[in-house]
Number of protein chains: 2
Amino acid sequence: MTNGAEKKEQVFLPITKYISPDNNNQITIGSSVSIEYNQNGQHVSQIDDKGLHNILVLTGYAIDESTGELVPTFDPCDYVKGILISGKILEGNPFKIIKIIGIPSNKLYIIRKKDVHGNINFSLPIKINQLSAGTYQVDLGNKVTSFESLNGDEATKIVNDVLAKIYKLSEQQKKKLYRDVEEIFNYYSIKSLKSNP
Amino acid sequence: MTNGAEKKEQVFLPITKYISPDNNNQITIGSSVSIEYNQNGQHVSQIDDKGLHNILVLTGYAIDESTGELVPTFDPCDYVKGILISGKILEGNPFKIIKIIGIPSNKLYIIRKKDVHGNINFSLPIKINQLSAGTYQVDLGNKVTSFESLNGDEATKIVNDVLAKIYKLSEQQKKKLYRDVEEIFNYYSIKSLKSNP
């Protein structure tokens, strides 16, 4: 028997410096990733008077900020934090998606946990190259990961441009979130050694 | 410039209860995975008088012991330990492979580290279903992971049947490894709730 609280399809939105809103309920991350959110959907990540809840920490991945894709690094020290929102990854870009279904919520590393039960179905934009049928490749040669955090201006922009639209926030709710977002979100990004002199 | 110590293609052999040797330098894991090793190859994981060195801990994965496939669980508490040996994953089975190239060795969580430099190219048998071009699926619904360790008999069998063949061990070398293998290797396996009453 599945738990009645099973959530509809969610998408993992990594919270980084390079997310920007489009019209039509879409958010662009880097050059290759575009996520459409459902403004009336039931998001796993929630905002209340105490701030943001149910933030997913994705361990063993780093984000390629230029393309917006998540890259498996096989290093348990790397992570990307983000929110799980009702929506989908739009196709047409040169990236692969893992459509993950029915992960028991207690398997996910969710911080500031509140009211999460049952299974969670979610998608994430992952970078894997297909060499041939059944054979995939991840190339980390000459790549390094670096720790990134958000400053006050970056956190303010994310709240005003992105979170306010997804969650239809009031001015007062926004004000309370600036500090929260700045303090919670940090992540590892992946860079080519050549572009990192 | 790449480091001159770059290793040739390696394969990740998870050390679990259900690995068994075939003829022709092949090792079968569960019903779906078969690995061919190169007996004269240069293995990243090495055996010396002090025991086994350069063991890879793959975090965020559990093994499906019935099929031998590694399953991404997105839980940073899950892991599978194994050895990196010169060889390849044989095809023809219903599983997908990620062929990972050029991962800097300092990104991998390697324990009992000894003489590992440069990049490591390795493959691992991973369970991902392809829904359509560029869209993949992992299904963990109604699955649980459980911690598994090896008892003395299981460790002895792994040394005699598998490690002795890969590394061409003498009787004395085998004797020294029994305890080492029993103490080092443990892992998380994934099971369906239904088959786990």
# chains A, B, ... in the order shown; residues from 1 in each chain; ligands from 1
$ interface_residues --of "chain B" --to "chain A" --cutoff "8 Å" --atoms "only C-alpha atoms" --output "ChimeraX atom specification"
/B:58-60,73-76,95-104,107-109,119,134-143
$ residues_around --residues "Ile190 of chain B" --least-positions-apart "2" --cutoff "10 Å" --atoms "only C-alpha atoms" --output "PyMOL selection string"
chain B and resi 61-66+69-71+73+78+140+143-147+188+192-193
$ residues_around --residues "Ile83 of chain A" --least-positions-apart "3" --cutoff "12 Å" --atoms "only C-alpha atoms" --output "MDAnalysis selection string"
chainID A and resid 10:16 37 43:47 52:58 80 86:87 109:113 122:124 162:163 166:167 181 184:185
$ write_last_selection --atoms "C-alpha atoms" --output "PDB file, in the first residue's frame"
ATOM      1  CA  GLN A  10       8.229  17.299  -8.575  1.00  0.00           C
ATOM      2  CA  VAL A  11      11.319  18.841 -10.097  1.00  0.00           C
ATOM      3  CA  PHE A  12      14.594  19.629  -8.338  1.00  0.00           C
ATOM      4  CA  LEU A  13      15.476  23.304  -8.757  1.00  0.00           C
ATOM      5  CA  PRO A  14      19.108  23.842  -7.695  1.00  0.00           C
ATOM      6  CA  ILE A  15      19.429  27.213  -5.949  1.00  0.00           C
ATOM      7  CA  THR A  16      22.527  28.854  -7.416  1.00  0.00           C
ATOM      8  CA  TYR A  37       6.777  25.199 -12.516  1.00  0.00           C
ATOM      9  CA  HIS A  43       5.344  21.831  -3.767  1.00  0.00           C
ATOM     10  CA  VAL A  44       7.329  19.499  -1.480  1.00  0.00           C
ATOM     11  CA  SER A  45       9.485  22.491  -0.461  1.00  0.00           C
ATOM     12  CA  GLN A  46       7.320  24.899   1.513  1.00  0.00           C
ATOM     13  CA  ILE A  47       7.551  28.411   2.865  1.00  0.00           C
ATOM     14  CA  LEU A  52      11.896  27.679   3.861  1.00  0.00           C
ATOM     15  CA  HIS A  53      11.327  23.971   4.620  1.00  0.00           C
ATOM     16  CA  ASN A  54      12.086  20.646   2.945  1.00  0.00           C
ATOM     17  CA  ILE A  55      15.278  21.540   1.130  1.00  0.00           C
ATOM     18  CA  LEU A  56      16.924  18.667  -0.728  1.00  0.00           C
ATOM     19  CA  VAL A  57      20.683  18.168  -0.432  1.00  0.00           C
ATOM     20  CA  LEU A  58      21.883  16.177  -3.431  1.00  0.00           C
ATOM     21  CA  VAL A  80      24.038  20.866  -4.455  1.00  0.00           C
ATOM     22  CA  SER A  86       5.683  20.902  -8.690  1.00  0.00           C
ATOM     23  CA  GLY A  87       6.718  21.188 -12.334  1.00  0.00           C
ATOM     24  CA  TYR A 109      18.650  13.995   2.568  1.00  0.00           C
ATOM     25  CA  ILE A 110      16.060  16.686   3.260  1.00  0.00           C
ATOM     26  CA  ILE A 111      16.948  19.467   5.687  1.00  0.00           C
ATOM     27  CA  ARG A 112      14.505  21.655   7.659  1.00  0.00           C
ATOM     28  CA  LYS A 113      12.098  18.766   7.308  1.00  0.00           C
ATOM     29  CA  PHE A 122      11.007  13.947  -8.971  1.00  0.00           C
ATOM     30  CA  SER A 123      13.128  14.814 -11.985  1.00  0.00           C
ATOM     31  CA  LEU A 124      16.534  16.384 -12.175  1.00  0.00           C
ATOM     32  CA  VAL A 162      12.372  33.293  -8.437  1.00  0.00           C
ATOM     33  CA  LEU A 163      10.867  32.275  -5.088  1.00  0.00           C
ATOM     34  CA  ILE A 166       6.800  30.294  -7.558  1.00  0.00           C
ATOM     35  CA  TYR A 167       5.227  30.836  -4.144  1.00  0.00           C
ATOM     36  CA  VAL A 181      18.162  31.962   1.655  1.00  0.00           C
ATOM     37  CA  ILE A 184      20.949  28.019   3.849  1.00  0.00           C
ATOM     38  CA  PHE A 185      22.123  27.781   0.277  1.00  0.00           C
TER      39      PHE A 185
END
$ select_by_dssp --residues "chain A" --states "alpha helix (DSSP H)" --output "mmCIF file with C-alpha atoms, in the first residue's frame"
data_model
loop_
_atom_site.group_PDB
_atom_site.id
_atom_site.type_symbol
_atom_site.label_atom_id
_atom_site.label_comp_id
_atom_site.auth_asym_id
_atom_site.auth_seq_id
_atom_site.Cartn_x
_atom_site.Cartn_y
_atom_site.Cartn_z
ATOM 1 C CA GLY A 152 23.193 39.210 0.302
ATOM 2 C CA ASP A 153 22.556 40.644 -3.151
ATOM 3 C CA GLU A 154 22.414 37.229 -4.768
ATOM 4 C CA ALA A 155 20.028 35.889 -2.127
ATOM 5 C CA THR A 156 17.787 38.960 -2.507
ATOM 6 C CA LYS A 157 17.640 38.465 -6.274
ATOM 7 C CA ALA A 164 8.376 35.183 -5.019
ATOM 8 C CA LYS A 165 6.947 34.011 -8.337
ATOM 9 C CA ILE A 166 6.800 30.294 -7.558
ATOM 10 C CA TYR A 167 5.227 30.836 -4.144
ATOM 11 C CA GLU A 171 6.372 41.827 0.538
ATOM 12 C CA GLN A 172 6.490 40.807 4.170
ATOM 13 C CA GLN A 173 7.155 37.151 3.359
ATOM 14 C CA LYS A 174 9.941 38.160 0.992
ATOM 15 C CA LYS A 175 11.613 40.303 3.626
ATOM 16 C CA LYS A 176 11.761 37.346 6.015
ATOM 17 C CA LEU A 177 13.335 35.086 3.409
ATOM 18 C CA TYR A 178 16.370 37.138 2.328
ATOM 19 C CA ARG A 179 18.528 36.143 5.262
ATOM 20 C CA ASP A 180 17.193 32.574 5.286
ATOM 21 C CA VAL A 181 18.162 31.962 1.655
ATOM 22 C CA GLU A 182 21.583 33.559 2.120
ATOM 23 C CA GLU A 183 22.279 31.336 5.127
ATOM 24 C CA ILE A 184 20.949 28.019 3.849
#
$ residues_around --residues "Ser20 of chain A" --least-positions-apart "3" --cutoff "9 Å" --atoms "only C-alpha atoms" --output "list in words"
Lys17, Gln26, Ile27, Thr28, Ile29, Gly30, Ile158, Asp161 and Val162 of chain A
$ select_by_dssp --residues "segment 33-118 of chain B" --states "strand (DSSP E or B)" --output "PDB file with C-alpha atoms, in the first residue's frame"
ATOM      1  CA  VAL B  33      26.232  -8.596 -14.439  1.00  0.00           C
ATOM      2  CA  SER B  34      29.374 -10.185 -15.764  1.00  0.00           C
ATOM      3  CA  ILE B  35      32.826  -8.641 -15.553  1.00  0.00           C
ATOM      4  CA  GLU B  36      35.901  -9.742 -17.456  1.00  0.00           C
ATOM      5  CA  TYR B  37      39.234  -8.981 -15.817  1.00  0.00           C
ATOM      6  CA  GLN B  46      46.494  -3.646  -5.042  1.00  0.00           C
ATOM      7  CA  ILE B  47      47.444  -6.411  -2.649  1.00  0.00           C
ATOM      8  CA  ASP B  48      50.687  -6.339  -0.690  1.00  0.00           C
ATOM      9  CA  GLY B  51      46.606  -6.499   2.783  1.00  0.00           C
ATOM     10  CA  LEU B  52      44.319  -4.889   0.242  1.00  0.00           C
ATOM     11  CA  HIS B  53      44.815  -1.255  -0.804  1.00  0.00           C
ATOM     12  CA  ILE B  55      39.343   0.225  -2.123  1.00  0.00           C
ATOM     13  CA  LEU B  56      36.633   2.421  -3.633  1.00  0.00           C
ATOM     14  CA  VAL B  57      33.633   3.403  -1.515  1.00  0.00           C
ATOM     15  CA  LEU B  58      30.761   4.319  -3.824  1.00  0.00           C
ATOM     16  CA  THR B  59      28.473   6.604  -1.831  1.00  0.00           C
ATOM     17  CA  TYR B  61      24.461   3.618  -4.241  1.00  0.00           C
ATOM     18  CA  ALA B  62      23.160   0.248  -3.051  1.00  0.00           C
ATOM     19  CA  ILE B  63      23.516  -3.094  -4.801  1.00  0.00           C
ATOM     20  CA  ASP B  64      20.644  -5.173  -6.103  1.00  0.00           C
ATOM     21  CA  GLU B  69      23.395  -3.942 -10.584  1.00  0.00           C
ATOM     22  CA  LEU B  70      24.250  -0.781  -8.661  1.00  0.00           C
ATOM     23  CA  VAL B  71      21.227   1.388  -7.950  1.00  0.00           C
ATOM     24  CA  PRO B  72      21.502   5.138  -7.276  1.00  0.00           C
ATOM     25  CA  TYR B  79      27.353   2.812   0.014  1.00  0.00           C
ATOM     26  CA  VAL B  80      28.940  -0.152  -1.734  1.00  0.00           C
ATOM     27  CA  LYS B  81      32.645  -0.977  -1.391  1.00  0.00           C
ATOM     28  CA  GLY B  82      34.590  -2.654  -4.132  1.00  0.00           C
ATOM     29  CA  ILE B  83      37.857  -2.928  -5.980  1.00  0.00           C
ATOM     30  CA  LEU B  84      39.042  -1.263  -9.175  1.00  0.00           C
ATOM     31  CA  ILE B  85      40.564  -3.818 -11.501  1.00  0.00           C
ATOM     32  CA  SER B  86      41.783  -3.752 -15.065  1.00  0.00           C
ATOM     33  CA  GLY B  87      38.941  -5.197 -17.145  1.00  0.00           C
ATOM     34  CA  LYS B  88      35.582  -4.474 -18.682  1.00  0.00           C
ATOM     35  CA  ILE B  89      31.871  -5.046 -18.214  1.00  0.00           C
ATOM     36  CA  LYS B  96      22.925   0.024 -18.447  1.00  0.00           C
ATOM     37  CA  ILE B  97      26.515   1.013 -17.936  1.00  0.00           C
ATOM     38  CA  ILE B  98      27.928   4.367 -17.065  1.00  0.00           C
ATOM     39  CA  LYS B  99      31.340   4.497 -18.629  1.00  0.00           C
ATOM     40  CA  ILE B 100      33.093   7.091 -16.582  1.00  0.00           C
ATOM     41  CA  ILE B 101      36.230   8.582 -17.993  1.00  0.00           C
ATOM     42  CA  GLY B 102      39.032  10.531 -16.462  1.00  0.00           C
ATOM     43  CA  ILE B 103      37.932  11.099 -12.872  1.00  0.00           C
ATOM     44  CA  PRO B 104      40.724  12.780 -10.881  1.00  0.00           C
ATOM     45  CA  ILE B 110      39.323   5.584  -1.804  1.00  0.00           C
ATOM     46  CA  ILE B 111      40.252   3.942   1.507  1.00  0.00           C
TER      47      ILE B 111
END
$ atom_distance --atom1 "atom CA of Asn40 of chain A" --atom2 "atom CA of Ser170 of chain A"
16.0 Å
